[in-house]
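Working notes for the structure below.
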Amino acid sequence: MIILLGGLMSCKKDSKKLDEDYEPFKYTFKYPDTVYVGESHYSEVLYFSDLDTITTSFDDETYKRYVYMCMKKTKNINYDFKTLKNSVLDTLGALNNRKIPIGEIEFSEAGIHYLDGYVVDEVIFTVPIEGEYDNNGEPLYRYIVHENRITKKVVVINKE
C-alpha cells in the first residue's frame, strides 16, 4: 500500500497546453544575411498560414484563396505597420500556399538594409447557414484576411 501511494505521489504531471507552441503564421525569408554591393541574389518567401486549415488550393471553387506580398528595400524599419502599408511597395503574388517568389535583389551601397513588407492571405467562401441570405437573395459570404509583417535584415559590404 505504501509503495502504491508513493508511486502516485511521485508521478509528474505534465500539463502543457496544446496550443502553447502554436503560431498562426510562420515564414522564412530566403535571402543571404550578408551580400556584396552590386551583387544580385534570388529571393523568395516560404510561409505557413493557419488559413491552410480551410484550403491549400488556389483553384478551389468553393473556397477562394489569394496570397500576395507587398515589400520594399529600406535602411530603417522604425515605423509601424500602418506606415508600412501606406508606403510605395512592390506587390508579388504567391505561386501556391507555401511560396512567394521575389526574384533577384541587389543593393547599391554598403550598410545595414532591410527587406520589409507584409503577406496578405485571404479566403472567401459561402457561409453554410441555411436561410441566411443578403438583400438580393444571394447566400452570404465569409471573407477572412490575415496580414503579417515580414522583415529580413541584410548586411551589405564592399568587395575588397
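The way I read the labels, and the way they are meant: chains A, B, ... in the order of the C-alpha cells, residue 1 as the first residue of every chain, and ligand 1 as the first ligand shown, with later ones counted on from there.
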
Set out as a Markdown table a contact list for region 16-116 of chain A and region 142-149 of chain A with a cut-off of 8 Å, giving each residue of region 16-116 of chain A that qualifies its closest atom pair and distance in Å to one decimal, counting only C-alpha atoms, ordered by chain and rising residue number.
| residue | atom | partner | partner_atom | distance |
| --- | --- | --- | --- | --- |
| A:Phe25 | CA | A:Asn148 | CA | 7.4 |
| A:Phe81 | CA | A:Arg149 | CA | 7.4 |
| A:Asp116 | CA | A:Arg149 | CA | 7.7 |

Inset, instruction - For region 60-76 of chain A, work out the shell of residues within 10 Å, counting only C-alpha atoms and skipping chain neighbours fewer than 4 positions away, then give it as a PyMOL selection string. - result: chain A and resi 45+51-52+54-56+84-85+87-102+105-107+111-126+142-154

Legend entry - Between CA of Val156 (chain A) and CA of Glu109 (chain A), distance in Å (one decimal): 7.1 Å

Inset, instruction - Report the residues of chain A whose backbone DSSP state falls under strand (DSSP E), written as a ChimeraX atom specification. - result: /A:25-30,34-36,41-49,63-74,90-93,99-105,111-126,141-157

Inset, instruction - Would you please give, as a list of chain:residue names, all residues of chain A that DSSP assigns to alpha helix (DSSP H) based on the backbone? - result: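 The residues of chain A classed as alpha helix (DSSP H) are A:Ile2, A:Ile3, A:Leu4, A:Leu5, A:Gly6, A:Gly7, A:Leu8, A:Met9, A:Ser10, A:Phe81, A:Lys82, A:Thr83, A:Leu84, A:Lys85.
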
Hey, can you spit out that residue selection with N, CA and C atoms as a compact mmCIF listing (two decimals), in the first residue's frame?
# COMPACT_ATOMS: atom_id res chain seq x y z
N ILE A 2 1.93 1.25 0.80
CA ILE A 2 2.83 2.39 0.88
C ILE A 2 3.54 2.59 -0.46
N ILE A 3 3.92 1.50 -1.12
CA ILE A 3 4.59 1.59 -2.42
C ILE A 3 3.65 2.21 -3.44
N LEU A 4 2.39 1.78 -3.45
CA LEU A 4 1.41 2.31 -4.39
C LEU A 4 1.18 3.80 -4.13
N LEU A 5 1.03 4.20 -2.88
CA LEU A 5 0.83 5.60 -2.53
C LEU A 5 2.05 6.44 -2.90
N GLY A 6 3.25 5.93 -2.68
CA GLY A 6 4.49 6.63 -3.04
C GLY A 6 4.60 6.78 -4.55
N GLY A 7 4.19 5.78 -5.29
CA GLY A 7 4.23 5.83 -6.75
C GLY A 7 3.28 6.88 -7.29
N LEU A 8 2.10 7.01 -6.71
CA LEU A 8 1.13 8.01 -7.16
C LEU A 8 1.60 9.42 -6.84
N MET A 9 2.23 9.61 -5.70
CA MET A 9 2.68 10.93 -5.30
C MET A 9 3.89 11.40 -6.10
N SER A 10 4.68 10.43 -6.61
CA SER A 10 5.89 10.81 -7.33
C SER A 10 5.64 11.00 -8.83
N PHE A 81 3.10 49.36 -38.64
CA PHE A 81 2.51 48.61 -39.75
C PHE A 81 1.68 49.51 -40.66
N LYS A 82 0.97 50.45 -40.09
CA LYS A 82 0.15 51.37 -40.88
C LYS A 82 1.02 52.21 -41.82
N THR A 83 2.15 52.69 -41.32
CA THR A 83 3.08 53.46 -42.14
C THR A 83 3.64 52.60 -43.27
N LEU A 84 3.97 51.35 -42.96
CA LEU A 84 4.45 50.42 -43.98
C LEU A 84 3.40 50.24 -45.08
N LYS A 85 2.14 50.03 -44.68
CA LYS A 85 1.07 49.81 -45.66
C LYS A 85 0.84 51.04 -46.55

Legend entry - For Val35 (chain A): contacts at 10 Å, only C-alpha atoms, fewer than 3 positions along chain excluded, given as an MDAnalysis selection string: chainID A and resid 31:32 38:41 106:107 110 154:159

Output all heavy atoms of each residue in that selection to a file, as a CSV table (one decimal), in the first residue's frame.
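The result, written out as part12.csv:
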chain,number,residue,atom,x,y,z
A,31,TYR,N,17.0,34.7,-48.4
A,31,TYR,CA,18.0,35.6,-49.0
A,31,TYR,C,19.2,35.6,-48.1
A,31,TYR,O,19.0,35.5,-46.8
A,31,TYR,CB,17.3,37.0,-49.0
A,31,TYR,CG,18.1,38.0,-49.9
A,31,TYR,CD1,18.1,38.0,-51.3
A,31,TYR,CD2,19.0,38.9,-49.3
A,31,TYR,CE1,18.8,38.9,-52.0
A,31,TYR,CE2,19.7,39.8,-50.0
A,31,TYR,CZ,19.6,39.8,-51.4
A,31,TYR,OH,20.4,40.7,-52.2
A,32,PRO,N,20.4,35.8,-48.6
A,32,PRO,CA,21.6,35.7,-47.7
A,32,PRO,C,21.6,36.9,-46.7
A,32,PRO,O,21.0,37.9,-46.9
A,32,PRO,CB,22.8,35.9,-48.7
A,32,PRO,CG,22.2,35.6,-50.0
A,32,PRO,CD,20.8,35.9,-50.0
A,38,GLY,N,26.2,45.6,-55.2
A,38,GLY,CA,26.0,45.3,-56.7
A,38,GLY,C,25.9,43.9,-57.0
A,38,GLY,O,25.7,43.5,-58.2
A,39,GLU,N,25.9,43.0,-56.1
A,39,GLU,CA,25.8,41.5,-56.4
A,39,GLU,C,24.3,41.1,-56.2
A,39,GLU,O,23.7,41.3,-55.1
A,39,GLU,CB,26.7,40.7,-55.5
A,39,GLU,CG,26.9,39.3,-55.9
A,39,GLU,CD,28.0,38.7,-55.1
A,39,GLU,OE1,27.7,38.2,-54.0
A,39,GLU,OE2,29.2,38.7,-55.5
A,40,SER,N,23.7,40.5,-57.2
A,40,SER,CA,22.3,40.1,-57.2
A,40,SER,C,22.2,38.7,-56.6
A,40,SER,O,23.0,37.8,-56.9
A,40,SER,CB,21.8,40.2,-58.6
A,40,SER,OG,20.6,39.6,-58.8
A,41,HIS,N,21.1,38.5,-55.9
A,41,HIS,CA,20.8,37.2,-55.3
A,41,HIS,C,19.3,36.9,-55.5
A,41,HIS,O,18.4,37.8,-55.3
A,41,HIS,CB,21.1,37.1,-53.9
A,41,HIS,CG,22.6,37.1,-53.6
A,41,HIS,ND1,23.4,36.0,-53.7
A,41,HIS,CD2,23.4,38.2,-53.3
A,41,HIS,CE1,24.7,36.4,-53.4
A,41,HIS,NE2,24.7,37.7,-53.2
A,106,GLU,N,19.4,43.2,-55.5
A,106,GLU,CA,20.7,43.7,-55.2
A,106,GLU,C,20.7,45.0,-54.5
A,106,GLU,O,19.7,45.8,-54.6
A,106,GLU,CB,21.6,43.8,-56.5
A,106,GLU,CG,21.2,44.9,-57.4
A,106,GLU,CD,22.1,44.9,-58.6
A,106,GLU,OE1,22.0,44.0,-59.5
A,106,GLU,OE2,22.9,45.9,-58.7
A,107,PHE,N,21.7,45.4,-53.8
A,107,PHE,CA,21.9,46.7,-53.1
A,107,PHE,C,23.0,47.5,-53.7
A,107,PHE,O,24.0,46.9,-54.1
A,107,PHE,CB,22.1,46.4,-51.6
A,107,PHE,CG,20.9,45.7,-51.0
A,107,PHE,CD1,20.8,44.4,-50.9
A,107,PHE,CD2,19.9,46.5,-50.4
A,107,PHE,CE1,19.7,43.7,-50.3
A,107,PHE,CE2,18.8,45.9,-49.8
A,107,PHE,CZ,18.7,44.5,-49.8
A,110,ALA,N,26.8,50.0,-49.4
A,110,ALA,CA,27.2,49.2,-48.2
A,110,ALA,C,26.4,49.8,-47.0
A,110,ALA,O,25.9,50.9,-47.0
A,110,ALA,CB,28.6,49.3,-47.9
A,154,VAL,N,19.7,42.6,-43.8
A,154,VAL,CA,20.8,42.2,-44.8
A,154,VAL,C,21.9,43.2,-44.6
A,154,VAL,O,21.7,44.4,-44.6
A,154,VAL,CB,20.3,42.3,-46.3
A,154,VAL,CG1,21.4,41.9,-47.2
A,154,VAL,CG2,19.0,41.5,-46.5
A,155,VAL,N,23.1,42.6,-44.4
A,155,VAL,CA,24.3,43.4,-44.2
A,155,VAL,C,25.0,43.5,-45.6
A,155,VAL,O,25.2,42.4,-46.2
A,155,VAL,CB,25.3,42.8,-43.2
A,155,VAL,CG1,26.6,43.6,-43.1
A,155,VAL,CG2,24.6,42.8,-41.8
A,156,VAL,N,25.2,44.7,-46.2
A,156,VAL,CA,25.8,44.8,-47.5
A,156,VAL,C,27.2,45.4,-47.3
A,156,VAL,O,27.4,46.4,-46.6
A,156,VAL,CB,24.9,45.8,-48.3
A,156,VAL,CG1,25.5,45.9,-49.7
A,156,VAL,CG2,23.5,45.3,-48.4
A,157,ILE,N,28.2,44.6,-47.9
A,157,ILE,CA,29.6,45.0,-47.7
A,157,ILE,C,30.2,45.3,-49.1
A,157,ILE,O,29.7,44.8,-50.1
A,157,ILE,CB,30.4,44.0,-46.9
A,157,ILE,CG1,30.3,42.6,-47.6
A,157,ILE,CG2,29.9,43.9,-45.5
A,157,ILE,CD1,31.1,41.5,-47.0
A,158,ASN,N,31.3,46.1,-49.1
A,158,ASN,CA,32.1,46.3,-50.3
A,158,ASN,C,33.0,45.1,-50.6
A,158,ASN,O,33.5,44.5,-49.6
A,158,ASN,CB,32.9,47.6,-50.2
A,158,ASN,CG,32.0,48.8,-50.2
A,158,ASN,OD1,31.1,49.0,-51.1
A,158,ASN,ND2,32.2,49.7,-49.3
A,159,LYS,N,33.2,44.8,-51.9
A,159,LYS,CA,34.2,43.8,-52.2
A,159,LYS,C,35.6,44.5,-52.1
A,159,LYS,O,35.8,45.6,-52.4
A,159,LYS,CB,34.1,43.4,-53.7
A,159,LYS,CG,33.1,42.3,-53.9
A,159,LYS,CD,33.2,41.8,-55.3
A,159,LYS,CE,32.2,40.6,-55.4
A,159,LYS,NZ,32.2,40.1,-56.7

Inset, instruction - Measure the distance from CA of Lys26 (chain A) to CA of Leu46 (chain A) in Å and round it to one decimal. - result: 8.4 Å

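CA of Asn136 (chain A) to CA of Asp59 (chain A) spans 26.8 Å [interatomic distance, one decimal].
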
Legend entry - Of the listed residues A:Tyr42, A:Tyr133, A:Tyr47, A:Phe29, that which approaches Gly103 (chain A) most closely, counting only C-alpha atoms: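 Among the listed residues, A:Tyr42 lies closest to Gly103 (chain A).
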